[in-house]
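Novice: What follows is structure32.cif; its format and atoms are mmCIF, C-alpha atoms.
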data_coords
#
loop_
_atom_site.label_atom_id
_atom_site.label_comp_id
_atom_site.auth_asym_id
_atom_site.auth_seq_id
_atom_site.Cartn_x
_atom_site.Cartn_y
_atom_site.Cartn_z
CA MET A 20 70.33 127.96 27.42
CA LYS A 21 72.28 127.96 30.68
CA LEU A 22 72.61 124.84 32.76
CA LEU A 23 70.67 126.55 35.56
CA THR A 24 67.67 126.88 33.23
CA HIS A 25 68.18 123.32 32.00
CA ASN A 26 68.15 121.99 35.56
CA MET A 27 64.66 123.41 36.08
CA LEU A 28 63.16 122.58 32.67
CA THR A 29 60.90 119.58 32.29
CA SER A 30 58.71 118.17 29.56
CA HIS A 31 55.08 119.17 30.12
CA VAL A 32 53.63 116.99 27.41
CA LYS A 33 50.29 115.50 28.46
CA GLY A 34 50.61 111.98 29.78
CA VAL A 35 54.37 112.08 30.35
CA THR A 36 55.21 111.32 33.98
CA LYS A 37 59.00 111.23 33.82
CA GLY A 38 59.82 114.25 31.66
CA TYR A 39 62.90 115.16 33.66
CA PRO A 40 65.81 115.53 33.27
CA LEU A 41 65.86 116.41 29.60
CA LEU A 42 68.90 115.00 27.83
CA ILE A 43 71.01 117.68 26.16
CA LYS A 44 72.24 117.04 22.63
CA ALA A 45 74.37 120.08 21.85
CA THR A 46 75.92 121.03 18.54
CA GLU A 47 77.14 124.44 19.66
CA VAL A 48 78.19 125.50 23.16
CA LYS A 49 79.47 128.89 24.30
CA VAL A 50 81.17 130.08 27.47
CA ASN A 51 80.51 133.64 28.65
CA GLU A 52 81.71 135.61 31.59
CA VAL A 53 79.02 136.22 34.19
CA GLU A 54 79.40 138.19 37.41
CA PHE A 55 79.89 135.91 40.42
CA ASN A 56 77.30 136.22 43.20
CA PRO A 57 78.27 133.73 45.94
CA GLN A 58 75.04 134.21 47.94
CA PHE A 59 72.88 133.40 44.93
CA ILE A 60 74.92 130.31 44.04
CA SER A 61 74.79 129.20 47.67
CA ARG A 62 71.00 129.57 47.72
CA MET A 63 70.50 127.78 44.43
CA ILE A 64 72.64 124.72 45.18
CA PRO A 65 70.02 123.05 47.44
CA LYS A 66 67.40 123.68 44.72
CA LEU A 67 69.41 121.92 42.04
CA GLU A 68 68.94 118.31 41.06
CA TRP A 69 72.66 117.75 41.51
CA SER A 70 72.95 114.49 39.58
CA ALA A 71 71.11 115.99 36.61
CA PHE A 72 73.45 118.98 36.79
CA ILE A 73 76.57 116.82 36.81
CA GLN A 74 75.20 114.64 34.02
CA ALA A 75 74.46 117.69 31.87
CA ALA A 76 77.88 119.25 32.54
CA GLU A 77 79.61 115.99 31.72
CA GLY A 78 77.63 115.64 28.49
CA LEU A 79 78.85 119.06 27.39
CA GLY A 80 82.44 118.31 28.33
CA HIS A 81 82.35 120.95 31.05
CA LEU A 82 82.41 118.83 34.17
CA GLN A 83 85.67 120.54 35.27
CA ASN A 84 86.22 120.16 39.04
CA LEU A 85 82.64 119.45 40.04
CA PRO A 86 82.19 116.55 42.49
CA SER A 87 79.51 113.88 42.03
CA THR A 88 77.84 114.92 45.28
CA VAL A 89 77.52 118.33 46.88
CA VAL A 90 80.35 119.27 49.20
CA PRO A 91 79.16 119.63 52.86
CA GLU A 92 79.25 123.18 54.23
CA PHE A 93 79.51 124.66 50.76
CA GLU A 94 78.19 128.07 51.88
CA ASN A 95 81.64 129.23 52.89
CA ASN A 96 83.64 127.29 50.33
CA GLU A 97 84.33 130.03 47.79
CA ASP A 98 86.34 127.80 45.46
CA PHE A 99 83.47 125.33 45.26
CA LEU A 100 80.94 128.13 44.73
CA ARG A 101 83.08 129.57 41.92
CA ASP A 102 83.34 126.17 40.25
CA VAL A 103 79.58 125.77 40.43
CA HIS A 104 79.02 129.32 39.16
CA LYS A 105 81.21 128.69 36.10
CA VAL A 106 79.28 125.65 34.97
CA LEU A 107 75.84 126.75 36.12
CA LEU A 108 75.77 130.25 34.66
CA GLU A 109 78.67 130.64 32.22
CA VAL A 110 78.20 127.59 30.01
CA GLU A 111 75.47 128.07 27.40
CA VAL A 112 74.00 125.67 24.87
CA ILE A 113 73.41 127.69 21.69
CA GLU A 114 72.31 125.02 19.20
CA GLY A 115 71.07 121.51 19.75
CA CYS A 116 68.03 119.91 21.30
CA LEU A 117 66.58 118.57 24.54
CA GLN A 118 65.29 115.02 24.58
CA CYS A 119 62.56 113.73 26.86
CA PRO A 120 63.82 110.68 28.83
CA GLU A 121 60.41 109.00 28.70
CA SER A 122 59.08 109.62 25.20
CA GLY A 123 62.19 110.56 23.23
CA ARG A 124 60.44 113.68 21.99
CA GLU A 125 62.92 116.39 21.06
CA PHE A 126 62.65 120.09 21.86
CA PRO A 127 64.97 122.07 19.56
CA ILE A 128 67.33 124.75 20.88
CA SER A 129 68.05 127.65 18.55
CA ARG A 130 70.18 130.76 19.33
CA GLY A 131 70.24 129.62 22.94
CA VAL A 132 66.44 129.44 23.24
CA PRO A 133 64.75 126.06 23.80
CA ASN A 134 61.46 125.68 21.91
CA MET A 135 58.98 124.11 24.31
CA LEU A 136 55.88 124.75 22.17
CA LEU A 137 53.65 121.68 22.16
CA ASN A 138 51.73 120.12 19.29
CA GLU A 139 47.93 119.98 19.42
CA ASP A 140 47.87 116.42 20.71
CA GLU A 141 50.42 117.03 23.44
CA SER A 142 48.55 119.45 25.69
CA MET B 15 52.66 150.48 18.80
CA SER B 16 49.69 150.11 16.46
CA SER B 17 46.81 152.44 17.10
CA CYS B 18 44.49 149.54 18.02
CA ARG B 19 43.36 149.52 21.63
CA ARG B 20 43.07 145.77 22.09
CA PRO B 21 45.74 143.96 20.06
CA GLU B 22 44.50 140.58 21.27
CA HIS B 23 41.39 141.12 19.09
CA MET B 24 43.50 141.44 15.98
CA ALA B 25 45.55 138.25 16.00
CA PRO B 26 47.15 135.65 18.26
CA PRO B 27 50.19 137.03 20.11
CA GLU B 28 52.78 135.12 18.08
CA VAL B 29 51.25 136.61 14.90
CA PHE B 30 50.70 140.13 16.23
CA TYR B 31 54.20 140.36 17.64
CA ASN B 32 55.97 139.63 14.38
CA GLU B 33 59.42 140.93 13.44
CA GLU B 34 58.23 144.41 12.52
CA GLU B 35 56.00 144.86 15.54
CA ALA B 36 58.71 143.46 17.84
CA LYS B 37 61.24 146.03 16.60
CA LYS B 38 58.72 148.90 16.79
CA TYR B 39 57.66 147.87 20.28
CA THR B 40 61.15 147.69 21.63
CA ARG B 41 62.35 150.97 20.08
CA ASN B 42 59.40 153.01 21.32
CA SER B 43 60.67 155.10 24.22
CA ARG B 44 57.17 155.61 25.62
CA ILE B 45 56.58 151.86 25.71
CA ILE B 46 59.96 151.27 27.31
CA GLU B 47 59.16 153.84 29.99
CA ILE B 48 55.71 152.41 30.74
CA GLN B 49 56.90 148.79 30.75
CA THR B 50 59.78 149.67 33.07
CA GLN B 51 57.47 151.53 35.44
CA MET B 52 55.03 148.64 35.55
CA SER B 53 57.86 146.16 36.11
CA GLU B 54 59.10 148.29 38.98
CA ARG B 55 55.64 148.33 40.55
CA ALA B 56 55.21 144.57 40.02
CA VAL B 57 58.53 143.82 41.71
CA GLU B 58 57.54 146.12 44.55
CA LEU B 59 54.32 144.14 44.98
CA LEU B 60 56.31 140.89 44.99
CA SER B 61 57.70 141.94 48.38
CA LEU B 62 60.86 139.92 47.96
CA PRO B 63 63.32 139.75 50.85
CA GLU B 64 65.56 142.80 50.84
CA ASP B 65 69.04 142.70 49.38
CA GLN B 66 68.71 139.18 48.12
CA ALA B 67 69.18 138.06 44.54
CA CYS B 68 66.14 135.95 43.65
CA TYR B 69 65.29 133.52 40.86
CA LEU B 70 62.22 134.81 39.09
CA LEU B 71 59.92 133.86 36.22
CA ASP B 72 58.84 136.52 33.71
CA VAL B 73 55.72 135.36 31.89
CA GLY B 74 55.31 137.00 28.50
CA CYS B 75 58.80 138.47 28.74
CA GLY B 76 58.76 139.58 25.11
CA SER B 77 61.85 141.48 24.10
CA GLY B 78 63.08 141.62 27.68
CA LEU B 79 62.02 145.12 28.72
CA SER B 80 60.76 143.90 32.08
CA GLY B 81 63.60 141.39 32.37
CA ASP B 82 66.14 144.19 32.09
CA PHE B 83 64.62 145.78 35.15
CA LEU B 84 64.87 142.47 37.04
CA SER B 85 68.56 142.23 36.11
CA GLU B 86 69.10 145.80 37.24
CA GLU B 87 67.71 144.85 40.63
CA GLY B 88 70.27 142.05 40.81
CA HIS B 89 67.81 139.21 40.22
CA TYR B 90 68.24 136.18 38.01
CA TRP B 91 65.30 135.29 35.80
CA VAL B 92 63.85 133.03 33.17
CA GLY B 93 61.53 134.58 30.58
CA VAL B 94 58.83 132.70 28.73
CA ASP B 95 57.18 134.03 25.54
CA ILE B 96 55.21 132.68 22.59
CA SER B 97 56.58 135.09 20.01
CA LYS B 98 59.85 133.99 18.41
CA ALA B 99 60.26 137.47 16.90
CA MET B 100 60.09 139.14 20.31
CA LEU B 101 62.57 136.64 21.78
CA ASP B 102 64.90 137.28 18.83
CA VAL B 103 64.93 140.96 19.79
CA ALA B 104 65.65 139.95 23.39
CA ILE B 105 68.62 137.90 22.17
CA GLU B 106 69.93 140.84 20.13
CA ARG B 107 69.57 143.08 23.17
CA GLU B 108 71.66 140.52 25.06
CA VAL B 109 69.35 140.24 28.03
CA GLU B 110 70.80 138.44 31.01
CA GLY B 111 67.90 136.15 31.73
CA GLY B 112 67.27 132.70 30.30
CA LEU B 113 64.72 132.66 27.48
CA VAL B 114 62.24 129.91 26.66
CA LEU B 115 59.88 129.80 23.66
CA ALA B 116 56.61 128.49 25.08
CA ASP B 117 52.85 128.99 25.26
CA MET B 118 51.78 129.82 28.82
CA GLY B 119 48.39 128.25 28.13
CA GLU B 120 50.13 124.89 27.83
CA GLY B 121 51.60 125.26 31.30
CA VAL B 122 54.98 126.52 32.45
CA PRO B 123 57.52 123.71 31.90
CA PHE B 124 59.43 123.88 35.18
CA ARG B 125 60.04 121.65 38.19
CA PRO B 126 58.06 122.28 41.40
CA GLY B 127 59.46 124.95 43.72
CA THR B 128 61.76 126.47 41.11
CA PHE B 129 60.99 130.18 41.37
CA ASP B 130 61.00 132.66 44.26
CA GLY B 131 58.44 134.76 42.44
CA CYS B 132 56.84 135.57 39.12
CA ILE B 133 55.98 138.77 37.29
CA SER B 134 54.02 139.24 34.12
CA ILE B 135 53.58 142.59 32.38
CA SER B 136 50.74 143.09 29.91
CA ALA B 137 50.54 139.42 28.96
CA LEU B 138 47.76 137.60 30.79
CA GLN B 139 44.89 139.10 28.78
CA TRP B 140 46.18 137.21 25.71
CA LEU B 141 45.15 133.95 27.40
CA CYS B 142 41.53 135.02 27.55
CA ASN B 143 40.94 134.69 23.83
CA ALA B 144 40.63 131.45 21.93
CA ASP B 145 43.11 131.80 19.09
CA LYS B 146 42.61 128.27 17.84
CA LYS B 147 39.49 126.12 17.51
CA CYS B 148 40.81 123.70 20.11
CA HIS B 149 41.48 126.46 22.65
CA SER B 150 39.31 126.78 25.70
CA PRO B 151 40.35 129.95 27.60
CA PRO B 152 39.23 128.71 31.04
CA ARG B 153 41.10 125.43 30.56
CA ARG B 154 44.24 127.21 29.33
CA LEU B 155 44.08 129.68 32.21
CA TYR B 156 43.75 126.81 34.67
CA THR B 157 46.61 124.85 33.07
CA PHE B 158 48.74 127.98 33.29
CA PHE B 159 47.87 128.86 36.89
CA SER B 160 48.16 125.32 38.24
CA SER B 161 51.57 124.76 36.66
CA LEU B 162 52.69 128.20 37.86
CA TYR B 163 51.51 127.43 41.39
CA ALA B 164 53.61 124.28 41.44
CA SER B 165 56.66 126.02 40.02
CA LEU B 166 56.72 128.61 42.82
CA THR B 167 58.31 128.04 46.21
CA ARG B 168 55.91 127.96 49.17
CA GLY B 169 55.17 131.58 50.03
CA GLY B 170 56.14 132.73 46.57
CA ARG B 171 54.09 135.39 44.83
CA ALA B 172 53.01 136.07 41.30
CA VAL B 173 52.14 139.60 40.20
CA PHE B 174 50.39 140.20 36.91
CA GLN B 175 49.92 143.62 35.36
CA VAL B 176 46.81 143.13 33.25
CA TYR B 177 44.58 145.15 30.95
CA PRO B 178 41.21 143.52 31.64
CA GLU B 179 38.63 144.04 28.93
CA ASN B 180 35.67 143.82 31.28
CA SER B 181 34.61 142.42 34.64
CA GLU B 182 33.74 139.04 33.11
CA GLN B 183 37.33 138.62 31.97
CA LEU B 184 38.65 139.53 35.41
CA GLU B 185 36.21 137.06 36.95
CA LEU B 186 37.37 134.34 34.54
CA ILE B 187 41.02 134.94 35.42
CA THR B 188 40.55 135.09 39.19
CA ALA B 189 38.27 132.03 39.22
CA GLN B 190 40.89 129.88 37.50
CA ALA B 191 43.66 131.27 39.71
CA MET B 192 41.67 130.34 42.81
CA ARG B 193 40.91 126.89 41.41
CA ALA B 194 44.63 126.39 41.00
CA GLY B 195 45.16 127.07 44.70
CA PHE B 196 46.22 130.70 44.70
CA THR B 197 44.92 133.26 47.17
CA GLY B 198 45.25 136.97 46.63
CA GLY B 199 43.50 139.93 45.13
CA MET B 200 43.62 142.85 42.78
CA VAL B 201 45.54 146.05 43.40
CA VAL B 202 44.30 149.02 41.39
CA ASP B 203 46.60 152.01 41.07
CA TYR B 204 45.08 155.43 40.31
CA PRO B 205 41.53 154.08 40.09
CA ASN B 206 40.09 157.47 39.22
CA SER B 207 42.31 158.23 36.24
CA THR B 208 41.37 156.54 32.97
CA LYS B 209 44.89 157.04 31.62
CA ALA B 210 46.91 156.15 34.69
CA LYS B 211 44.71 153.35 36.02
CA LYS B 212 46.63 150.07 36.31
CA PHE B 213 45.53 146.64 37.45
CA PHE B 214 47.91 144.31 39.27
CA LEU B 215 46.67 140.84 40.10
CA CYS B 216 48.63 139.68 43.18
CA LEU B 217 48.63 135.95 43.83
CA PHE B 218 50.12 134.08 46.78
CA ALA B 219 51.19 130.45 46.64
CA GLY B 220 50.57 128.70 49.90
CA VAL B 221 50.56 131.64 52.30
CA MET B 222 47.91 134.28 52.88
CA GLY B 223 49.36 137.69 52.29
CA VAL B 224 48.25 141.26 52.85
CA ILE B 225 47.22 142.95 49.64
CA PRO B 226 48.80 146.40 49.50
CA LYS B 227 46.83 149.57 48.87
CA GLY B 228 46.64 150.83 45.34
CA LEU B 229 48.55 154.01 44.49
CA GLY B 230 46.69 157.28 44.12
CA THR B 231 43.91 156.23 46.45
CA GLU B 232 44.27 159.07 48.96
CA THR B 233 41.98 161.20 46.82
CA ALA B 234 39.58 158.36 46.15
CA GLU B 235 35.93 158.78 47.07
CA ARG B 236 35.08 157.92 50.63
CA GLY B 237 34.19 154.30 51.10
CA MET B 238 35.43 153.22 47.68
CA SER B 239 37.86 150.36 47.99
CA SER B 240 40.67 150.05 45.48
CA GLN B 241 41.34 146.41 46.20
CA ALA B 242 39.30 143.31 45.75
CA ASN B 243 40.02 140.24 47.82
CA PHE B 244 39.28 136.79 46.57
CA THR B 245 36.17 135.47 48.18
CA THR B 246 34.02 132.45 47.59
CA GLN B 247 30.97 134.66 48.15
CA ARG B 248 28.73 134.80 45.15
CA SER B 249 28.06 138.37 44.23
CA ARG B 250 25.62 139.80 41.75
CA PHE B 251 27.38 141.37 38.81
CA LYS B 252 26.66 144.79 37.56
CA ASN B 253 27.85 145.81 34.13
CA MET B 254 30.81 148.18 33.70
CA LYS B 255 28.62 151.30 34.11
CA GLY B 256 27.67 150.09 37.58
CA LYS B 257 24.06 149.51 36.65
CA SER B 258 22.21 146.23 37.07
CA VAL B 259 21.28 144.32 33.98
CA LYS B 260 17.83 145.52 32.87
CA LYS B 261 14.85 143.42 33.93
CA SER B 262 16.92 141.30 36.32
CA ARG B 263 15.77 140.79 39.91
CA ASP B 264 18.34 143.37 41.07
CA TRP B 265 16.98 145.90 38.61
CA VAL B 266 13.40 145.28 39.75
CA LEU B 267 14.34 145.64 43.43
CA GLU B 268 16.27 148.85 42.73
CA LYS B 269 13.40 150.29 40.74
CA LYS B 270 10.94 149.52 43.52
CA GLU B 271 13.23 151.16 46.06
CA ARG B 272 13.50 154.23 43.85
CA ARG B 273 9.71 154.50 43.60
CA ARG B 274 9.35 154.08 47.38
CA ARG B 275 11.72 157.01 47.85
CA GLN B 276 9.56 158.98 45.45
CA GLY B 277 6.67 158.29 47.78
CA ARG B 278 4.73 156.05 45.46
CA GLY B 279 2.82 153.05 46.67
CA VAL B 280 4.85 149.94 46.05
CA ARG B 281 4.09 146.32 46.91
CA ALA B 282 6.27 144.75 49.57
CA ASP B 283 9.24 142.71 48.42
CA THR B 284 8.68 138.99 48.71
CA LYS B 285 10.37 135.90 47.44
CA TYR B 286 8.20 136.24 44.33
CA THR B 287 9.60 139.67 43.48
CA GLY B 288 11.27 139.78 40.07
CA ARG B 289 10.67 136.08 39.56
CA GLN B 290 10.22 134.83 36.02
CA ARG B 291 6.54 134.51 35.20
CA ARG B 292 4.92 131.80 33.12
CA PRO B 293 4.81 132.74 29.40
CA ASN B 294 1.02 133.23 29.31
CA PHE B 295 0.98 135.47 32.44
#
Would you mind giving the structure from this file in structure tokens?

Specialist:
Amino acid sequence: MKLLTHNMLTSHVKGVTKGYPLLIKATEVKVNEVEFNPQFISRMIPKLEWSAFIQAAEGLGHLQNLPSTVVPEFENNEDFLRDVHKVLLEVEVIEGCLQCPESGREFPISRGVPNMLLNEDES
Amino acid sequence: MSSCRRPEHMAPPEVFYNEEEAKKYTRNSRIIEIQTQMSERAVELLSLPEDQACYLLDVGCGSGLSGDFLSEEGHYWVGVDISKAMLDVAIEREVEGGLVLADMGEGVPFRPGTFDGCISISALQWLCNADKKCHSPPRRLYTFFSSLYASLTRGGRAVFQVYPENSEQLELITAQAMRAGFTGGMVVDYPNSTKAKKFFLCLFAGVMGVIPKGLGTETAERGMSSQANFTTQRSRFKNMKGKSVKKSRDWVLEKKERRRRQGRGVRADTKYTGRQRRPNF
């Protein structure tokens, strides 16, 4: 599970109002090489919940050079875009789980795939 | 693929698409070709801005056949599927998109405004069957469509390639999509060919769009439309053969019209025509 996916994922359990951001508990993390597309990164940055992104990166020990708030005029700042790209798309959680901040309910991650299937009483 | 015509009648999707079926499905060159073609058409119907890498949702992504096409087009995507076996094949094939194991009938688990668009190839019809006692297809369809609507950016589109079983199923799907706030309509490619005919449900989130013409409609009969727009008009339903249900008011009116054309004496049509009579009439 990439951090881009994680930034968009929320708990959809019935009755939960604050199911975001899911806390990552990782037991295995991998770093891959992914082609850098500066326009895509630039477009996605405003869509990200930046604090959740930083928190997730920090939790995985991959905060690297990322600032706590978005740099102004990032569209032309290639170094910043590359830094974001590395953490957003190249860091992957392979094993672990995602924990709901409200209920504590855990969604397991296996082979990089989070299991968001709900139980009968949760939907 | 198995020789059954409607796999959703055999078992729930996570059971039908087990390890063996997942491998067979993904190795079948004919299936790969068809799925790729349908993905191409779905992306075309998405009308995404040119030369821009978008962030897309692939509902029922399976082993990633459609996702591969999205990657080829330079897009980034997240795929959702209920079958662990199919997703395992996707992992082995090293697809570039993010994968999530989830049941679309429980809602798509993403923040509002996440995706620029959504495609779904041969998946939506699975939602129309109740695979568990607690399932209610209309409720699951609504939960899916309303969560999808929220997860799309304003002006985002969702295109579903579907294999509808009958008109009632199509009606069920479109009714729930409309309830969820979508506008849109159905594009039918090659409406006159039983083999080539393909249905694409095109939904718009927040903006009215123009529904494109179906392919292969130049040779269509005069006056026959290959698209259906959503409308709140109530229309009388004919069955799949195009005939009215026997003994209904429509059937009675049609029969009277037929007899008038034959020159027989027929009573005038009034508000009492075709009305249910009292049992001891």

Novice: Ranking B:Leu84, B:Ala191, B:Ala210, B:Leu267 by minimum distance to Glu58 of chain B and counting all atoms listed in the file, which one comes first?

Specialist: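 Smallest distance to Glu58 of chain B is found for B:Leu84.
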
Novice: Would you translate the PyMOL selection byres ((chain A and resi 24-33) around 6) into the concrete set of residues it matches in this file, as a PyMOL selection string?

Specialist: (chain A and resi 21-23+34-35+38-39+141-142) or (chain B and resi 123-125)

Novice: Select from chain B every residue with an atom at most 8 Å from any atom of chain A, then for each give the shortest pair of atoms and their distance in Å to one decimal, using only C-alpha atoms, rows by chain and rising number, as JSON lines.

Specialist:
{"residue": "B:Gln66", "atom": "CA", "partner": "A:Phe59", "partner_atom": "CA", "distance": 7.8}
{"residue": "B:Ala67", "atom": "CA", "partner": "A:Phe59", "partner_atom": "CA", "distance": 6.0}
{"residue": "B:Cys68", "atom": "CA", "partner": "A:Phe59", "partner_atom": "CA", "distance": 7.3}
{"residue": "B:Val92", "atom": "CA", "partner": "A:Thr24", "partner_atom": "CA", "distance": 7.2}
{"residue": "B:Ile96", "atom": "CA", "partner": "A:Leu136", "partner_atom": "CA", "distance": 8.0}
{"residue": "B:Ile105", "atom": "CA", "partner": "A:Arg130", "partner_atom": "CA", "distance": 7.8}
{"residue": "B:Gly112", "atom": "CA", "partner": "A:Met20", "partner_atom": "CA", "distance": 6.3}
{"residue": "B:Leu113", "atom": "CA", "partner": "A:Val132", "partner_atom": "CA", "distance": 5.6}
{"residue": "B:Val114", "atom": "CA", "partner": "A:Pro133", "partner_atom": "CA", "distance": 5.4}
{"residue": "B:Leu115", "atom": "CA", "partner": "A:Asn134", "partner_atom": "CA", "distance": 4.7}
{"residue": "B:Ala116", "atom": "CA", "partner": "A:Leu136", "partner_atom": "CA", "distance": 4.8}
{"residue": "B:Asp117", "atom": "CA", "partner": "A:Leu136", "partner_atom": "CA", "distance": 6.1}
{"residue": "B:Glu120", "atom": "CA", "partner": "A:Ser142", "partner_atom": "CA", "distance": 6.1}
{"residue": "B:Gly121", "atom": "CA", "partner": "A:His31", "partner_atom": "CA", "distance": 7.1}
{"residue": "B:Val122", "atom": "CA", "partner": "A:His31", "partner_atom": "CA", "distance": 7.7}
{"residue": "B:Pro123", "atom": "CA", "partner": "A:Thr29", "partner_atom": "CA", "distance": 5.4}
{"residue": "B:Phe124", "atom": "CA", "partner": "A:Leu28", "partner_atom": "CA", "distance": 4.7}
{"residue": "B:Arg125", "atom": "CA", "partner": "A:Met27", "partner_atom": "CA", "distance": 5.4}
{"residue": "B:Thr128", "atom": "CA", "partner": "A:Met27", "partner_atom": "CA", "distance": 6.6}

Novice: Find the distance between atom CA of Arg193 of chain B and atom CA of Gly74 of chain B and write it in Å to one decimal.

Specialist: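 Atom CA of Gly74 of chain B lies 21.8 Å from atom CA of Arg193 of chain B.
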
Novice: Report, in Å with one decimal, the straight-line distance from atom CA of Gly223 of chain B to atom CA of Tyr163 of chain B.

Specialist: 15.1 Å

Novice: List the residues matched by the PyMOL selection byres ((chain A and resi 49) around 12) in the displayed structure as a list of chain:residue names, ordered by chain and then by residue number.

Specialist: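 After applying the PyMOL selection byres ((chain A and resi 49) around 12), what remains is A:Met20, A:Lys21, A:Leu22, A:Ala45, A:Thr46, A:Glu47, A:Val48, A:Val50, A:Asn51, A:Glu52, A:Leu79, A:Gly80, A:His81, A:Lys105, A:Val106, A:Leu108, A:Glu109, A:Val110, A:Glu111, A:Val112, A:Ile113, A:Glu114, A:Arg130, A:Gly131.
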
Novice: Using the chain letters and numbers from the file, which residues does the PyMOL selection byres ((chain B and resi 287) around 8) grab, as a VMD selection string?

Specialist: chain B and resid 263 266 to 267 283 to 286 288 to 289

Novice: Which value, in Å to one decimal, gives the distance between atom CA of Leu79 of chain B and atom CA of Ala172 of chain B?

Specialist: 17.9 Å

Novice: Write out as a list of chain:residue names which residues come within 12 Å of Pro91 of chain A when counting only C-alpha atoms, dropping same-chain ones fewer than 3 positions away.

Specialist: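 Neighbouring residues, sequence-local ones excluded: A:Ser61, A:Ile64, A:Pro65, A:Pro86, A:Thr88, A:Glu94, A:Asn95, A:Asn96, A:Phe99, A:Leu100.
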
Novice: Compare B:Thr40, B:Gln183, B:Ser61, B:Asn32 by their minimum atom-to-atom distance to Asp130 of chain B, counting only C-alpha atoms, and give me the closest one.

Specialist: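 The answer is B:Ser61, which sits nearest to Asp130 of chain B.
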
Novice: Between B:Gly81, B:Gly169, B:Gly230, B:Pro205, which one has atoms that come closest to Ala56 of chain B, using all atoms listed in the file?

Specialist: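 That would be B:Gly81, the residue with the smallest distance to Ala56 of chain B.
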